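Asker: Input upload-v1.cif, format and content: mmCIF, C-alpha atoms.
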```cif
data_run
#
loop_
_atom_site.label_atom_id
_atom_site.label_comp_id
_atom_site.auth_asym_id
_atom_site.auth_seq_id
_atom_site.Cartn_x
_atom_site.Cartn_y
_atom_site.Cartn_z
CA MET A 34 -13.82 -8.90 9.40
CA LYS A 35 -10.30 -8.26 10.59
CA SER A 36 -9.70 -8.32 14.33
CA GLU A 37 -8.42 -5.29 16.19
CA ARG A 38 -5.22 -7.20 17.01
CA MET A 39 -4.49 -7.97 13.34
CA ARG A 40 -5.21 -4.35 12.36
CA ARG A 41 -2.71 -3.11 14.98
CA ILE A 42 -0.08 -5.63 13.81
CA ASP A 43 -0.54 -4.51 10.19
CA GLU A 44 -0.21 -0.84 11.16
CA LEU A 45 2.89 -1.54 13.25
CA LEU A 46 4.54 -3.45 10.41
CA GLN A 47 3.61 -0.70 7.94
CA ARG A 48 5.25 1.99 10.10
CA GLU A 49 8.34 -0.12 10.76
CA LEU A 50 8.80 -1.12 7.11
CA GLY A 51 8.28 2.48 5.99
CA ALA A 52 11.07 3.65 8.30
CA LEU A 53 13.36 0.77 7.30
CA CYS A 54 12.82 1.38 3.58
CA GLU A 55 13.56 5.06 4.07
CA ARG A 56 16.91 4.20 5.66
CA LYS A 57 17.97 1.19 3.59
CA VAL A 58 16.22 1.15 0.20
CA VAL A 59 15.31 4.67 -0.96
CA SER A 60 18.95 5.67 -1.51
CA GLU A 61 19.10 3.18 -4.42
CA LEU A 62 15.96 4.54 -6.08
CA ASN A 63 15.31 7.69 -8.10
CA CYS A 64 11.74 8.00 -6.86
CA LEU A 65 9.62 8.34 -3.75
CA LEU A 66 8.68 5.01 -2.14
CA THR A 67 5.73 4.69 0.23
CA ILE A 68 4.56 1.60 2.09
CA THR A 69 0.80 2.02 1.71
CA GLY A 70 -0.39 -1.04 3.60
CA VAL A 71 0.37 -4.44 5.07
CA LYS A 72 -1.91 -7.47 5.29
CA THR A 73 -0.58 -10.14 7.61
CA SER A 74 -1.87 -13.72 7.45
CA PRO A 75 -3.77 -14.88 10.55
CA ASP A 76 -0.90 -17.23 11.50
CA LEU A 77 1.57 -14.27 11.30
CA ARG A 78 3.89 -16.19 8.97
CA HIS A 79 3.35 -14.11 5.80
CA ALA A 80 2.73 -10.43 5.13
CA GLN A 81 1.66 -8.81 1.87
CA VAL A 82 3.40 -5.41 1.77
CA TYR A 83 1.81 -2.89 -0.60
CA PHE A 84 3.97 -0.07 -1.93
CA SER A 85 3.49 2.96 -4.11
CA VAL A 86 6.09 4.90 -6.09
CA PHE A 87 6.07 8.47 -7.31
CA GLY A 88 8.49 10.44 -9.40
CA PRO A 89 9.61 11.06 -12.96
CA ASN A 90 11.74 7.88 -12.93
CA ALA A 91 9.21 5.73 -11.06
CA ASP A 92 9.43 2.16 -12.36
CA TRP A 93 7.32 -0.40 -10.48
CA GLN A 94 9.38 -3.37 -11.63
CA GLU A 95 12.71 -1.84 -10.63
CA VAL A 96 11.39 -0.84 -7.22
CA ARG A 97 9.97 -4.32 -6.66
CA LYS A 98 13.32 -5.90 -7.65
CA CYS A 99 15.09 -3.59 -5.20
CA LEU A 100 12.64 -4.47 -2.40
CA ASP A 101 12.98 -8.18 -3.16
CA LYS A 102 16.78 -7.79 -3.07
CA HIS A 103 16.54 -6.27 0.44
CA ARG A 104 13.75 -8.61 1.65
CA VAL A 105 15.91 -10.76 3.93
CA GLU A 106 17.58 -7.69 5.44
CA LEU A 107 14.19 -6.02 6.02
CA GLN A 108 12.74 -9.20 7.56
CA ALA A 109 15.71 -9.48 9.93
CA ALA A 110 15.29 -5.84 10.99
CA VAL A 111 11.57 -6.36 11.58
CA GLY A 112 12.42 -9.43 13.67
CA ARG A 113 14.81 -7.37 15.80
CA ASN A 114 12.59 -4.30 16.17
CA VAL A 115 9.11 -5.80 16.53
CA GLN A 116 8.22 -8.34 19.21
CA MET A 117 6.09 -10.98 17.50
CA LYS A 118 5.70 -14.73 17.81
CA TYR A 119 6.93 -15.15 14.22
CA THR A 120 8.67 -12.81 11.83
CA PRO A 121 6.51 -12.85 8.71
CA VAL A 122 7.93 -13.57 5.28
CA LEU A 123 7.48 -10.34 3.31
CA HIS A 124 5.84 -10.38 -0.12
CA PHE A 125 5.94 -7.04 -1.97
CA ARG A 126 3.01 -5.97 -4.15
CA PRO A 127 2.54 -2.68 -6.04
CA ASP A 128 -0.43 -0.57 -4.93
CA HIS A 129 -1.99 1.11 -7.97
CA THR A 130 -4.69 2.96 -5.98
CA LEU A 131 -3.18 6.40 -6.62
CA GLU A 132 -2.93 5.74 -10.36
CA GLN A 133 -6.55 4.56 -10.44
CA ALA A 134 -7.71 7.63 -8.50
CA ASP A 135 -5.78 9.87 -10.88
CA HIS A 136 -7.42 8.11 -13.85
CA VAL A 137 -10.91 8.62 -12.36
CA MET A 138 -10.16 12.31 -11.75
CA SER A 139 -9.00 12.72 -15.36
CA ILE A 140 -12.29 11.18 -16.57
CA ILE A 141 -14.24 13.56 -14.32
CA ASP A 142 -12.21 16.47 -15.73
CA GLU A 143 -12.95 15.32 -19.31
CA LEU A 144 -16.67 15.21 -18.54
CA GLY A 145 -16.54 18.70 -17.05
CA ILE A 146 -18.04 17.60 -13.73
CA ASP A 147 -17.16 19.57 -10.62
CA PRO A 148 -16.36 16.87 -7.99
CA ASP A 149 -17.03 19.37 -5.17
CA ALA A 150 -20.46 20.42 -6.45
CA PRO A 151 -23.50 19.07 -4.60
CA PRO A 152 -25.54 16.48 -6.51
CA GLU A 153 -28.47 17.80 -8.48
CA PRO A 154 -31.91 17.02 -7.02
CA GLU A 155 -33.87 14.30 -8.80
CA ASP A 156 -36.77 15.33 -10.99
CA ASP A 157 -39.90 13.76 -9.42
CA SER A 158 -41.82 14.05 -12.71
CA LEU A 159 -39.59 11.37 -14.28
CA LYS A 160 -40.34 8.74 -11.66
CA GLU A 161 -42.76 5.95 -12.54
CA GLU A 162 -45.73 5.46 -10.30
#
```
For the structure just supplied, provide its representation as C-alpha coordinates.

Answerer:
Amino acid sequence: MKSERMRRIDELLQRELGALCERKVVSELNCLLTITGVKTSPDLRHAQVYFSVFGPNADWQEVRKCLDKHRVELQAAVGRNVQMKYTPVLHFRPDHTLEQADHVMSIIDELGIDPDAPPEPEDDSLKEE
(Lines of atoms letter the chains of each structure in order from A and count residues from 1; the text may use other names and numbers.)
(Lines give C-alpha, C1' and ligand atoms only; values in the text may rest on other atoms or scores of the structure.)
Protein backbone atom coordinates (compact mmCIF):
# COMPACT_ATOMS: atom_id res chain seq x y z
CA MET A 1 0.00 0.00 0.00
CA LYS A 2 1.22 3.47 -0.87
CA SER A 3 2.25 5.71 2.01
CA GLU A 4 0.51 8.99 2.69
CA ARG A 5 3.74 10.84 1.87
CA MET A 6 4.04 9.21 -1.57
CA ARG A 7 0.37 9.91 -2.31
CA ARG A 8 0.88 13.60 -1.48
CA ILE A 9 4.02 13.77 -3.65
CA ASP A 10 2.15 12.19 -6.57
CA GLU A 11 -0.74 14.64 -6.20
CA LEU A 12 1.63 17.60 -5.98
CA LEU A 13 3.50 16.51 -9.11
CA GLN A 14 0.21 15.92 -10.94
CA ARG A 15 -1.03 19.46 -10.16
CA GLU A 16 2.32 21.04 -11.05
CA LEU A 17 2.70 19.12 -14.31
CA GLY A 18 -0.89 19.89 -15.27
CA ALA A 19 -0.26 23.61 -14.85
CA LEU A 20 3.09 23.44 -16.66
CA CYS A 21 1.61 21.51 -19.60
CA GLU A 22 -1.21 24.03 -19.85
CA ARG A 23 1.33 26.86 -20.17
CA LYS A 24 4.05 25.20 -22.26
CA VAL A 25 2.67 22.24 -24.22
CA VAL A 26 -1.05 22.66 -25.01
CA SER A 27 -0.43 25.53 -27.45
CA GLU A 28 1.27 23.04 -29.80
CA LEU A 29 -1.62 20.57 -29.69
CA ASN A 30 -5.05 20.60 -31.31
CA CYS A 31 -6.67 18.73 -28.42
CA LEU A 32 -7.30 18.87 -24.70
CA LEU A 33 -4.49 17.39 -22.59
CA THR A 34 -5.06 16.25 -19.01
CA ILE A 35 -2.51 14.84 -16.59
CA THR A 36 -4.60 12.10 -14.98
CA GLY A 37 -2.08 10.71 -12.52
CA VAL A 38 1.51 10.38 -11.40
CA LYS A 39 3.21 7.38 -9.80
CA THR A 40 6.58 8.22 -8.31
CA SER A 41 9.12 5.51 -7.50
CA PRO A 42 9.90 5.09 -3.78
CA ASP A 43 13.40 6.55 -4.29
CA LEU A 44 11.85 9.66 -5.97
CA ARG A 45 14.12 9.30 -9.01
CA HIS A 46 11.46 8.34 -11.59
CA ALA A 47 7.82 9.30 -12.13
CA GLN A 48 5.31 7.69 -14.46
CA VAL A 49 3.08 10.51 -15.72
CA TYR A 50 -0.28 9.39 -17.09
CA PHE A 51 -2.06 11.65 -19.57
CA SER A 52 -5.35 11.66 -21.40
CA VAL A 53 -6.28 13.51 -24.59
CA PHE A 54 -9.65 14.59 -25.89
CA GLY A 55 -10.71 16.26 -29.08
CA PRO A 56 -11.44 15.63 -32.74
CA ASN A 57 -7.71 15.70 -33.58
CA ALA A 58 -6.58 13.75 -30.51
CA ASP A 59 -3.59 11.58 -31.45
CA TRP A 60 -1.92 9.75 -28.56
CA GLN A 61 1.37 9.28 -30.38
CA GLU A 62 1.69 12.94 -31.38
CA VAL A 63 0.87 14.12 -27.87
CA ARG A 64 3.41 11.71 -26.39
CA LYS A 65 6.08 12.92 -28.85
CA CYS A 66 5.30 16.51 -27.86
CA LEU A 67 5.52 15.67 -24.14
CA ASP A 68 8.79 13.80 -24.68
CA LYS A 69 10.14 16.80 -26.60
CA HIS A 70 9.36 19.07 -23.61
CA ARG A 71 10.42 16.51 -20.95
CA VAL A 72 13.69 18.20 -19.97
CA GLU A 73 12.02 21.61 -19.79
CA LEU A 74 9.17 20.20 -17.66
CA GLN A 75 11.61 18.40 -15.35
CA ALA A 76 13.61 21.60 -14.87
CA ALA A 77 10.43 23.54 -14.03
CA VAL A 78 9.37 20.85 -11.55
CA GLY A 79 12.83 21.05 -9.97
CA ARG A 80 12.48 24.82 -9.56
CA ASN A 81 8.88 24.83 -8.34
CA VAL A 82 8.73 21.75 -6.10
CA GLN A 83 11.08 21.21 -3.16
CA MET A 84 12.13 17.56 -3.31
CA LYS A 85 15.31 15.66 -2.55
CA TYR A 86 15.54 14.60 -6.21
CA THR A 87 13.80 15.81 -9.33
CA PRO A 88 12.29 12.67 -10.86
CA VAL A 89 12.89 11.69 -14.46
CA LEU A 90 9.49 11.92 -16.15
CA HIS A 91 8.15 9.02 -18.21
CA PHE A 92 4.91 9.77 -20.09
CA ARG A 93 2.27 7.06 -20.51
CA PRO A 94 -1.18 7.34 -22.12
CA ASP A 95 -4.13 6.72 -19.80
CA HIS A 96 -6.87 4.88 -21.69
CA THR A 97 -9.31 4.76 -18.74
CA LEU A 98 -11.78 7.17 -20.34
CA GLU A 99 -11.80 5.21 -23.60
CA GLN A 100 -12.37 1.97 -21.69
CA ALA A 101 -15.21 3.52 -19.67
CA ASP A 102 -16.78 4.83 -22.87
CA HIS A 103 -16.52 1.34 -24.41
CA VAL A 104 -18.22 -0.25 -21.36
CA MET A 105 -21.01 2.35 -21.52
CA SER A 106 -21.55 1.62 -25.23
CA ILE A 107 -21.87 -2.11 -24.43
CA ILE A 108 -24.40 -1.31 -21.69
CA ASP A 109 -26.33 0.86 -24.16
CA GLU A 110 -26.32 -1.98 -26.74
CA LEU A 111 -27.71 -4.38 -24.14
CA GLY A 112 -30.44 -1.89 -23.20
CA ILE A 113 -29.50 -1.89 -19.52
CA ASP A 114 -30.25 1.22 -17.48
CA PRO A 115 -27.03 1.82 -15.46
CA ASP A 116 -28.98 3.89 -12.90
CA ALA A 117 -31.66 1.25 -12.28
CA PRO A 118 -31.46 -0.71 -9.02
CA PRO A 119 -30.45 -4.36 -9.39
CA GLU A 120 -33.27 -6.85 -9.64
CA PRO A 121 -33.82 -9.02 -6.55
CA GLU A 122 -32.64 -12.61 -6.83
CA ASP A 123 -35.24 -15.32 -7.27
CA ASP A 124 -34.94 -17.58 -4.19
CA SER A 125 -36.66 -20.47 -6.00
CA LEU A 126 -33.63 -20.88 -8.30
CA LYS A 127 -31.15 -21.38 -5.48
CA GLU A 128 -29.93 -24.90 -4.75
CA GLU A 129 -30.39 -26.22 -1.26

Asker: May I ask which of the residues A:Asp147, A:Asp76, A:Asp135, A:Glu49 is the closest one to Gln116 of chain A, counting all atoms listed in the file?

Answerer: A:Glu49

Asker: Which residues match the PyMOL selection byres ((chain A and resi 45) around 12) in the file above, as a list in words?

Answerer: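 For this structure, the PyMOL selection byres ((chain A and resi 45) around 12) resolves to Arg38, Met39, Arg40, Arg41, Ile42, Asp43, Glu44, Leu46, Gln47, Arg48, Glu49, Leu50, Gly51, Ala52, Ile68, Gly70, Val71, Lys72, Thr73, Val111, Asn114, Val115, Gln116 and Met117 of chain A.
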
Asker: Generate the output file for the selected residues, C-alpha atoms, as a JSON list (two decimals), in the frame of the given file.

Answerer:
```json
[["chain", "number", "residue", "atom", "x", "y", "z"],
["A", 38, "ARG", "CA", -5.22, -7.20, 17.01],
["A", 39, "MET", "CA", -4.49, -7.97, 13.34],
["A", 40, "ARG", "CA", -5.21, -4.35, 12.36],
["A", 41, "ARG", "CA", -2.71, -3.11, 14.98],
["A", 42, "ILE", "CA", -0.08, -5.63, 13.81],
["A", 43, "ASP", "CA", -0.54, -4.51, 10.19],
["A", 44, "GLU", "CA", -0.21, -0.84, 11.16],
["A", 46, "LEU", "CA", 4.54, -3.45, 10.41],
["A", 47, "GLN", "CA", 3.61, -0.70, 7.94],
["A", 48, "ARG", "CA", 5.25, 1.99, 10.10],
["A", 49, "GLU", "CA", 8.34, -0.12, 10.76],
["A", 50, "LEU", "CA", 8.80, -1.12, 7.11],
["A", 51, "GLY", "CA", 8.28, 2.48, 5.99],
["A", 52, "ALA", "CA", 11.07, 3.65, 8.30],
["A", 68, "ILE", "CA", 4.56, 1.60, 2.09],
["A", 70, "GLY", "CA", -0.39, -1.04, 3.60],
["A", 71, "VAL", "CA", 0.37, -4.44, 5.07],
["A", 72, "LYS", "CA", -1.91, -7.47, 5.29],
["A", 73, "THR", "CA", -0.58, -10.14, 7.61],
["A", 111, "VAL", "CA", 11.57, -6.36, 11.58],
["A", 114, "ASN", "CA", 12.59, -4.30, 16.17],
["A", 115, "VAL", "CA", 9.11, -5.80, 16.53],
["A", 116, "GLN", "CA", 8.22, -8.34, 19.21],
["A", 117, "MET", "CA", 6.09, -10.98, 17.50]]
```

Asker: With distances taken over all atoms listed in the file, which of A:Ser139, A:Thr130, A:Ser36, A:Gln108 is nearest to Ala80 of chain A?

Answerer: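 Among the listed residues, the smallest separation from Ala80 of chain A belongs to A:Gln108.
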
Asker: Report, in Å with one decimal, the straight-line distance from atom CA of Thr69 of chain A to atom CA of His136 of chain A.

Answerer: 18.6 Å

Asker: Counting only C-alpha atoms, which residue out of A:Leu77, A:Val137, A:Ala109, A:Val96 sits closest to Pro121 of chain A?

Answerer: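 Closest candidate: A:Leu77.
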
Asker: Taking the file above as input, evaluate the PyMOL selection byres ((chain A and resi 55) around 12) and report the hits as a VMD selection string.

Answerer: chain A and resid 48 to 54 56 to 62 64 to 68 100 107

Asker: What separation in Å, quoted to one decimal, exists between atom CA of Val122 of chain A and atom CA of Val82 of chain A?

Answerer: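 These two atoms are separated by 10.0 Å.
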
Asker: Using only C-alpha atoms, which of A:Val105, A:Leu144, A:Ala150, A:Leu131 sits nearest Ser85 of chain A?

Answerer: A:Leu131

Asker: Separation of atom CA of Glu95 of chain A and atom CA of Arg113 of chain A, in Å?

Answerer: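 About the pair atom CA of Glu95 of chain A and atom CA of Arg113 of chain A: they are 27.1 Å apart.
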